[in-house]
Amino acid sequence: MVIVYGTKKKLKIDKSLGHKMCPNCHHTTEQALAREKTAVTIFYIPIVGWVSKRMIFCPCCGESRKLTSAEYKELKNA
Ligand SMILES: [Zn+2]
């Protein structure tokens, strides 16, 4: 039997941080607090998933700045 497996990445926006200037594209856009989730799939069904990256995401240029889990928590609860 052949097992089809792979990984899947998904971006989840958690919170809007309001309008701020992006250090990458220098546009003032709504910056978002986001998590990237990675899941291992078998036959295209997600089996295990985990948060692989925490970041501030700019919807304008798609730039993401990586955050530590402590920084993320602080921004989320602010
Ligand atoms: Zn940007």
# chains A, B, ... in the order shown; residues from 1 in each chain; ligands from 1

call {"tool": "residues_near_ligand", "arguments": {"ligand": "ligand 1", "cutoff": "9 Å", "atoms": "only C-alpha atoms and all ligand atoms", "output": "compact mmCIF listing (two decimals) with all heavy atoms, in the first residue's frame"}}
result
# COMPACT_ATOMS: atom_id res chain seq x y z
N MET A 21 3.20 51.62 10.59
CA MET A 21 4.03 51.63 9.40
C MET A 21 4.84 50.33 9.34
O MET A 21 5.47 49.93 10.31
CB MET A 21 4.96 52.84 9.39
CG MET A 21 5.52 53.06 7.99
SD MET A 21 6.67 54.43 7.89
CE MET A 21 8.16 53.69 8.49
N CYS A 22 4.81 49.75 8.19
CA CYS A 22 5.56 48.51 7.98
C CYS A 22 7.02 48.87 7.69
O CYS A 22 7.29 49.70 6.83
CB CYS A 22 4.94 47.76 6.79
SG CYS A 22 5.93 46.39 6.23
N PRO A 23 7.96 48.27 8.41
CA PRO A 23 9.38 48.59 8.17
C PRO A 23 9.90 48.08 6.82
O PRO A 23 10.95 48.49 6.36
CB PRO A 23 10.11 47.90 9.33
CG PRO A 23 9.17 46.91 9.87
CD PRO A 23 7.78 47.30 9.50
N ASN A 24 9.12 47.24 6.19
CA ASN A 24 9.56 46.68 4.92
C ASN A 24 9.07 47.50 3.72
O ASN A 24 9.86 47.92 2.89
CB ASN A 24 9.10 45.23 4.81
CG ASN A 24 9.64 44.56 3.57
OD1 ASN A 24 10.84 44.55 3.33
ND2 ASN A 24 8.76 44.01 2.77
N CYS A 25 7.77 47.74 3.64
CA CYS A 25 7.24 48.43 2.46
C CYS A 25 6.94 49.90 2.72
O CYS A 25 6.59 50.64 1.82
CB CYS A 25 6.00 47.72 1.93
SG CYS A 25 4.61 47.70 3.07
N HIS A 26 7.07 50.34 4.00
CA HIS A 26 6.83 51.72 4.42
C HIS A 26 5.43 52.23 4.13
O HIS A 26 5.21 53.42 3.93
CB HIS A 26 7.90 52.66 3.83
CG HIS A 26 9.29 52.26 4.23
ND1 HIS A 26 9.79 52.49 5.50
CD2 HIS A 26 10.25 51.60 3.55
CE1 HIS A 26 11.02 52.00 5.56
NE2 HIS A 26 11.33 51.44 4.40
N HIS A 27 4.48 51.32 4.09
CA HIS A 27 3.08 51.70 3.95
C HIS A 27 2.44 51.59 5.33
O HIS A 27 2.80 50.72 6.11
CB HIS A 27 2.35 50.74 3.00
CG HIS A 27 2.59 51.05 1.57
ND1 HIS A 27 3.41 50.28 0.78
CD2 HIS A 27 2.13 52.05 0.78
CE1 HIS A 27 3.45 50.79 -0.43
NE2 HIS A 27 2.69 51.87 -0.47
N THR A 28 1.51 52.48 5.60
CA THR A 28 0.78 52.37 6.85
C THR A 28 -0.44 51.51 6.61
O THR A 28 -1.39 51.93 5.97
CB THR A 28 0.40 53.77 7.39
OG1 THR A 28 1.61 54.53 7.51
CG2 THR A 28 -0.24 53.68 8.76
N THR A 29 -0.36 50.30 7.08
CA THR A 29 -1.47 49.36 6.89
C THR A 29 -1.77 48.68 8.21
O THR A 29 -1.04 48.82 9.18
CB THR A 29 -1.12 48.25 5.87
OG1 THR A 29 0.09 47.64 6.29
CG2 THR A 29 -0.99 48.78 4.46
N GLN A 31 -1.54 46.07 10.63
CA GLN A 31 -0.63 44.97 10.90
C GLN A 31 -1.37 43.93 11.74
O GLN A 31 -2.18 44.27 12.59
CB GLN A 31 0.60 45.47 11.68
CG GLN A 31 1.30 46.65 11.02
CD GLN A 31 2.17 46.24 9.83
OE1 GLN A 31 3.12 45.52 9.98
NE2 GLN A 31 1.80 46.71 8.65
N PHE A 57 2.30 40.23 10.76
CA PHE A 57 2.14 40.06 9.34
C PHE A 57 1.64 41.36 8.70
O PHE A 57 0.73 42.00 9.20
CB PHE A 57 1.14 38.91 9.11
CG PHE A 57 0.80 38.65 7.69
CD1 PHE A 57 1.72 38.02 6.86
CD2 PHE A 57 -0.43 39.01 7.18
CE1 PHE A 57 1.40 37.76 5.54
CE2 PHE A 57 -0.76 38.75 5.86
CZ PHE A 57 0.17 38.12 5.04
N CYS A 58 2.26 41.74 7.59
CA CYS A 58 1.80 42.92 6.85
C CYS A 58 1.04 42.46 5.62
O CYS A 58 1.61 41.80 4.75
CB CYS A 58 3.00 43.78 6.44
SG CYS A 58 2.56 45.11 5.30
N PRO A 59 -0.26 42.76 5.55
CA PRO A 59 -1.05 42.30 4.41
C PRO A 59 -0.69 43.02 3.10
O PRO A 59 -1.04 42.56 2.02
CB PRO A 59 -2.50 42.58 4.81
CG PRO A 59 -2.43 43.51 5.96
CD PRO A 59 -1.05 43.53 6.51
N CYS A 60 0.01 44.13 3.23
CA CYS A 60 0.36 44.92 2.04
C CYS A 60 1.47 44.24 1.23
O CYS A 60 1.35 44.03 0.04
CB CYS A 60 0.75 46.31 2.48
SG CYS A 60 1.08 47.42 1.13
N CYS A 61 2.56 43.90 1.88
CA CYS A 61 3.69 43.30 1.16
C CYS A 61 3.88 41.83 1.50
O CYS A 61 4.69 41.15 0.87
CB CYS A 61 4.97 44.09 1.45
SG CYS A 61 5.46 44.07 3.18
N GLY A 62 3.14 41.35 2.49
CA GLY A 62 3.26 39.95 2.85
C GLY A 62 4.46 39.65 3.73
O GLY A 62 4.75 38.50 4.02
N GLU A 63 5.12 40.71 4.18
CA GLU A 63 6.30 40.56 5.03
C GLU A 63 5.86 40.10 6.42
O GLU A 63 4.88 40.57 6.96
CB GLU A 63 7.03 41.91 5.09
CG GLU A 63 8.09 42.02 6.16
CD GLU A 63 9.42 41.39 5.77
OE1 GLU A 63 9.54 40.84 4.66
OE2 GLU A 63 10.34 41.44 6.59
N SER A 64 6.60 39.19 7.00
CA SER A 64 6.30 38.80 8.36
C SER A 64 7.55 38.91 9.20
O SER A 64 8.65 38.59 8.78
CB SER A 64 5.75 37.37 8.39
OG SER A 64 6.67 36.48 7.83

call {"tool": "select_by_dssp", "arguments": {"residues": "chain A", "states": "strand (DSSP E or B)", "output": "number ranges by chain"}}
result
A: 5-21, 28-42, 45-57, 64-67

call {"tool": "residues_around", "arguments": {"residues": "region 2-5 of chain A", "least_positions_apart": "6", "cutoff": "7 Å", "atoms": "only C-alpha atoms", "output": "list of chain:residue names"}}
result
A:Thr41, A:Ile42, A:Phe43, A:Tyr44

call {"tool": "closest_atom_pairs", "arguments": {"of": "region 17-64 of chain A", "to": "region 68-72 of chain A", "cutoff": "10 Å", "atoms": "only C-alpha atoms", "output": "tab-separated table"}}
result
residue	atom	partner	partner_atom	distance
A:Leu33	CA	A:Tyr72	CA	7.8
A:Ala34	CA	A:Tyr72	CA	9.0
A:Arg35	CA	A:Tyr72	CA	9.3
A:Lys53	CA	A:Thr68	CA	8.6
A:Arg54	CA	A:Tyr72	CA	6.8
A:Met55	CA	A:Tyr72	CA	7.4
A:Ile56	CA	A:Tyr72	CA	8.7

call {"tool": "closest_residue", "arguments": {"among": "A:Met1, A:Leu67, A:Val40, A:Ala78", "to": "Leu17 (chain A)", "atoms": "only C-alpha atoms"}}
result
A:Ala78
